[in-house]
$ cat my_file03.pdb   # PDB, C-alpha atoms
ATOM      1  CA  MET N  13      49.668 114.712 114.672  1.00  0.00           C
ATOM      2  CA  PRO N  14      51.375 116.219 111.594  1.00  0.00           C
ATOM      3  CA  ILE N  15      50.851 119.957 111.046  1.00  0.00           C
ATOM      4  CA  ASP N  16      50.433 121.457 107.570  1.00  0.00           C
ATOM      5  CA  VAL N  17      53.029 124.237 107.831  1.00  0.00           C
ATOM      6  CA  ALA N  18      51.691 125.866 104.656  1.00  0.00           C
ATOM      7  CA  ARG N  19      48.609 126.844 106.675  1.00  0.00           C
ATOM      8  CA  LEU N  20      50.640 128.461 109.473  1.00  0.00           C
ATOM      9  CA  GLY N  21      51.332 131.649 107.531  1.00  0.00           C
ATOM     10  CA  ASN N  22      54.229 133.800 108.732  1.00  0.00           C
ATOM     11  CA  CYS N  23      56.730 132.136 111.073  1.00  0.00           C
ATOM     12  CA  LEU N  24      59.303 134.280 112.852  1.00  0.00           C
ATOM     13  CA  CYS N  25      61.966 133.282 115.387  1.00  0.00           C
ATOM     14  CA  VAL N  26      61.267 135.181 118.623  1.00  0.00           C
ATOM     15  CA  VAL N  27      63.480 133.120 120.962  1.00  0.00           C
ATOM     16  CA  PRO N  28      66.794 131.943 119.472  1.00  0.00           C
ATOM     17  CA  PRO N  29      67.798 128.262 119.594  1.00  0.00           C
ATOM     18  CA  GLU N  30      68.788 126.949 123.013  1.00  0.00           C
ATOM     19  CA  VAL N  31      69.950 123.515 124.092  1.00  0.00           C
ATOM     20  CA  ARG N  32      66.994 121.688 125.598  1.00  0.00           C
ATOM     21  CA  VAL N  33      67.622 120.571 129.171  1.00  0.00           C
ATOM     22  CA  ASN N  34      65.693 118.609 131.764  1.00  0.00           C
ATOM     23  CA  PRO N  35      64.516 121.309 134.217  1.00  0.00           C
ATOM     24  CA  GLU N  36      64.802 118.963 137.201  1.00  0.00           C
ATOM     25  CA  THR N  37      68.259 117.510 136.545  1.00  0.00           C
ATOM     26  CA  GLY N  38      69.860 120.024 134.188  1.00  0.00           C
ATOM     27  CA  ALA N  39      70.826 117.165 131.854  1.00  0.00           C
ATOM     28  CA  VAL N  40      71.003 117.933 128.134  1.00  0.00           C
ATOM     29  CA  ARG N  41      68.188 116.183 126.270  1.00  0.00           C
ATOM     30  CA  LYS N  42      69.058 113.893 123.375  1.00  0.00           C
ATOM     31  CA  ASP N  43      66.899 112.171 120.780  1.00  0.00           C
ATOM     32  CA  ARG N  44      66.920 108.399 120.125  1.00  0.00           C
ATOM     33  CA  ASP N  45      69.896 108.789 117.800  1.00  0.00           C
ATOM     34  CA  GLY N  46      71.951 110.687 120.393  1.00  0.00           C
ATOM     35  CA  ASN N  47      71.525 114.133 118.776  1.00  0.00           C
ATOM     36  CA  THR N  48      71.367 117.114 121.142  1.00  0.00           C
ATOM     37  CA  MET N  49      67.869 118.606 121.162  1.00  0.00           C
ATOM     38  CA  TYR N  50      67.367 122.342 120.698  1.00  0.00           C
ATOM     39  CA  VAL N  51      64.248 124.420 121.297  1.00  0.00           C
ATOM     40  CA  VAL N  52      63.266 127.525 119.312  1.00  0.00           C
ATOM     41  CA  GLY N  53      60.462 129.994 120.089  1.00  0.00           C
ATOM     42  CA  ILE N  54      58.485 130.657 116.903  1.00  0.00           C
ATOM     43  CA  SER N  55      55.796 133.296 116.450  1.00  0.00           C
ATOM     44  CA  VAL N  56      53.088 132.005 114.108  1.00  0.00           C
ATOM     45  CA  ARG N  57      50.478 134.254 112.486  1.00  0.00           C
ATOM     46  CA  GLN N  58      48.012 132.915 109.984  1.00  0.00           C
ATOM     47  CA  LYS N  59      47.512 135.155 106.955  1.00  0.00           C
ATOM     48  CA  ASP N  60      43.837 135.841 107.647  1.00  0.00           C
ATOM     49  CA  ARG N  61      44.242 136.521 111.379  1.00  0.00           C
ATOM     50  CA  ARG N  62      45.552 139.452 113.367  1.00  0.00           C
ATOM     51  CA  ARG N  63      46.560 137.435 116.445  1.00  0.00           C
ATOM     52  CA  ALA N  64      49.906 135.636 116.647  1.00  0.00           C
ATOM     53  CA  ASP N  65      50.791 132.649 118.811  1.00  0.00           C
ATOM     54  CA  VAL N  66      54.205 131.600 120.069  1.00  0.00           C
ATOM     55  CA  ILE N  67      55.095 127.924 120.012  1.00  0.00           C
ATOM     56  CA  GLU N  68      58.265 126.235 121.216  1.00  0.00           C
ATOM     57  CA  VAL N  69      59.563 123.788 118.642  1.00  0.00           C
ATOM     58  CA  SER N  70      62.143 121.095 119.450  1.00  0.00           C
ATOM     59  CA  VAL N  71      64.615 120.060 116.754  1.00  0.00           C
ATOM     60  CA  PRO N  72      67.345 117.371 116.774  1.00  0.00           C
ATOM     61  CA  ALA N  73      70.228 119.673 115.793  1.00  0.00           C
ATOM     62  CA  GLU N  74      71.203 123.302 116.220  1.00  0.00           C
ATOM     63  CA  PRO N  75      69.384 125.404 113.600  1.00  0.00           C
ATOM     64  CA  ARG N  76      72.076 127.342 111.707  1.00  0.00           C
ATOM     65  CA  GLY N  77      71.363 130.946 110.731  1.00  0.00           C
ATOM     66  CA  VAL N  78      68.279 131.161 112.973  1.00  0.00           C
ATOM     67  CA  SER N  79      68.247 134.084 115.400  1.00  0.00           C
ATOM     68  CA  GLU N  80      65.719 136.449 116.924  1.00  0.00           C
ATOM     69  CA  GLY N  81      63.738 138.315 114.280  1.00  0.00           C
ATOM     70  CA  VAL N  82      64.570 135.934 111.415  1.00  0.00           C
ATOM     71  CA  PRO N  83      61.668 134.556 109.317  1.00  0.00           C
ATOM     72  CA  VAL N  84      61.901 130.756 109.348  1.00  0.00           C
ATOM     73  CA  LEU N  85      60.706 127.627 107.588  1.00  0.00           C
ATOM     74  CA  ILE N  86      59.747 124.602 109.673  1.00  0.00           C
ATOM     75  CA  ALA N  87      60.164 121.077 108.267  1.00  0.00           C
ATOM     76  CA  ASP N  88      57.997 118.109 109.274  1.00  0.00           C
ATOM     77  CA  LEU N  89      56.199 119.804 112.194  1.00  0.00           C
ATOM     78  CA  VAL N  90      54.370 117.415 114.522  1.00  0.00           C
ATOM     79  CA  ALA N  91      52.176 118.246 117.535  1.00  0.00           C
ATOM     80  CA  THR N  92      51.887 115.807 120.428  1.00  0.00           C
ATOM     81  CA  ALA N  93      49.417 116.072 123.317  1.00  0.00           C
ATOM     82  CA  TRP N  94      50.915 115.255 126.719  1.00  0.00           C
ATOM     83  CA  SER N  95      49.719 114.940 130.295  1.00  0.00           C
ATOM     84  CA  ILE N  96      51.737 114.590 133.502  1.00  0.00           C
ATOM     85  CA  GLY N  97      49.704 114.507 136.702  1.00  0.00           C
ATOM     86  CA  ASP N  98      47.439 117.548 136.714  1.00  0.00           C
ATOM     87  CA  ARG N  99      49.407 119.313 133.946  1.00  0.00           C
ATOM     88  CA  SER N 100      48.816 118.901 130.224  1.00  0.00           C
ATOM     89  CA  GLY N 101      49.652 120.612 126.982  1.00  0.00           C
ATOM     90  CA  ILE N 102      50.885 120.230 123.436  1.00  0.00           C
ATOM     91  CA  SER N 103      54.515 119.890 122.449  1.00  0.00           C
ATOM     92  CA  PHE N 104      55.882 120.620 118.982  1.00  0.00           C
ATOM     93  CA  ARG N 105      58.753 118.886 117.221  1.00  0.00           C
ATOM     94  CA  ALA N 106      60.232 119.338 113.750  1.00  0.00           C
ATOM     95  CA  SER N 107      62.988 117.701 111.750  1.00  0.00           C
ATOM     96  CA  GLY N 108      64.528 121.129 111.140  1.00  0.00           C
ATOM     97  CA  ILE N 109      64.161 124.897 111.220  1.00  0.00           C
ATOM     98  CA  THR N 110      65.926 127.036 108.614  1.00  0.00           C
ATOM     99  CA  PRO N 111      65.977 130.737 107.742  1.00  0.00           C
ATOM    100  CA  ALA N 112      63.370 131.588 105.118  1.00  0.00           C
ATOM    101  CA  GLY N 113      64.891 132.737 101.851  1.00  0.00           C
ATOM    102  CA  PRO N 114      64.178 136.220 100.499  1.00  0.00           C
ATOM    103  CA  SER N 115      61.689 134.752  98.021  1.00  0.00           C
ATOM    104  CA  SER N 116      59.475 133.251 100.751  1.00  0.00           C
ATOM    105  CA  GLY N 117      58.422 136.490 102.486  1.00  0.00           C
ATOM    106  CA  PRO N 118      55.106 138.303 102.000  1.00  0.00           C
ATOM    107  CA  SER N 119      56.690 141.005  99.815  1.00  0.00           C
ATOM    108  CA  ALA N 120      58.571 138.599  97.564  1.00  0.00           C
ATOM    109  CA  GLY N 121      58.587 139.790  94.003  1.00  0.00           C
ATOM    110  CA  ALA N 122      57.320 143.280  94.896  1.00  0.00           C
ATOM    111  CA  PRO N 123      59.313 146.116  93.366  1.00  0.00           C
ATOM    112  CA  ALA N 124      61.329 148.229  95.806  1.00  0.00           C
ATOM    113  CA  ASN N 125      60.299 151.860  96.455  1.00  0.00           C
ATOM    114  CA  ARG N 126      56.875 151.492  94.951  1.00  0.00           C
ATOM    115  CA  GLY N 127      55.275 154.106  97.234  1.00  0.00           C
ATOM    116  CA  LYS N 128      54.809 157.792  96.417  1.00  0.00           C
ATOM    117  CA  SER N 129      57.147 159.098  99.112  1.00  0.00           C
ATOM    118  CA  GLY N 130      60.642 160.124  98.102  1.00  0.00           C
ATOM    119  CA  GLY N 131      59.605 161.094  94.591  1.00  0.00           C
ATOM    120  CA  ASP N 132      61.737 162.891  92.045  1.00  0.00           C
ATOM    121  CA  ALA N 133      62.918 166.440  92.871  1.00  0.00           C
TER     122      ALA N 133
END

$ encode --input "my_file03.pdb" --output "structure tokens"
Amino acid sequence: MPIDVARLGNCLCVVPPEVRVNPETGAVRKDRDGNTMYVVGISVRQKDRRRADVIEVSVPAEPRGVSEGVPVLIADLVATAWSIGDRSGISFRASGITPAGPSSGPSAGAPANRGKSGGDA
């Protein structure tokens, strides 16, 4: 199921990219094309909500420039429901995760030092 990332609001990397491995065998996971899969923990907070959620997003290449605390953009996010035995959940996959540019943040275009503190002496 495709996810409209424009509706996600603020996305922030909270767990840096790690190679995705099979927890039972320790084998590195690859996609159909042989690319090493990475997983990134992303905090998502919709603009009209106070609560944030953390989702783990798999991508088919190491996201460059993405580290803890960096605002990110997610491309082609898809959610897939899964069930194995008595366990079930939703997994997330994207074609890429990149650092958000300075113009994509909530204060983009706002003048610096607009507050009243630090006024003229």

$ atom_distance --input "my_file03.pdb" --atom1 "atom CA of Ala112 of chain N" --atom2 "atom CA of Arg32 of chain N"
23.0 Å

$ resolve_selection --input "my_file03.pdb" --expression "the PyMOL selection byres ((chain N and resi 75) around 12)" --output "number ranges by chain"
N: 25, 28-31, 48-53, 69-74, 76-79, 82, 84-87, 106-111

$ residues_around --input "my_file03.pdb" --residues "Ala93 of chain N" --least-positions-apart "6" --cutoff "10 Å" --atoms "all atoms listed in the file" --output "NGL selection string"
:N and (13 or 100-104)

$ resolve_selection --input "my_file03.pdb" --expression "the PyMOL selection byres ((chain N and resi 54) around 6)" --output "tab-separated table (two decimals) with C-alpha atoms, in the coordinates of the input"
chain	number	residue	atom	x	y	z
N	24	LEU	CA	59.30	134.28	112.85
N	25	CYS	CA	61.97	133.28	115.39
N	26	VAL	CA	61.27	135.18	118.62
N	53	GLY	CA	60.46	129.99	120.09
N	55	SER	CA	55.80	133.30	116.45
N	66	VAL	CA	54.20	131.60	120.07
N	67	ILE	CA	55.10	127.92	120.01

$ atom_distance --input "my_file03.pdb" --atom1 "atom CA of Arg63 of chain N" --atom2 "atom CA of Glu80 of chain N"
19.2 Å

$ resolve_selection --input "my_file03.pdb" --expression "the PyMOL selection byres ((chain N and resi 17) around 12)" --output "MDAnalysis selection string"
chainID N and resid 14:16 18:23 56:58 84:91 106 109

$ atom_distance --input "my_file03.pdb" --atom1 "atom CA of Pro35 of chain N" --atom2 "atom CA of Ser95 of chain N"
16.6 Å
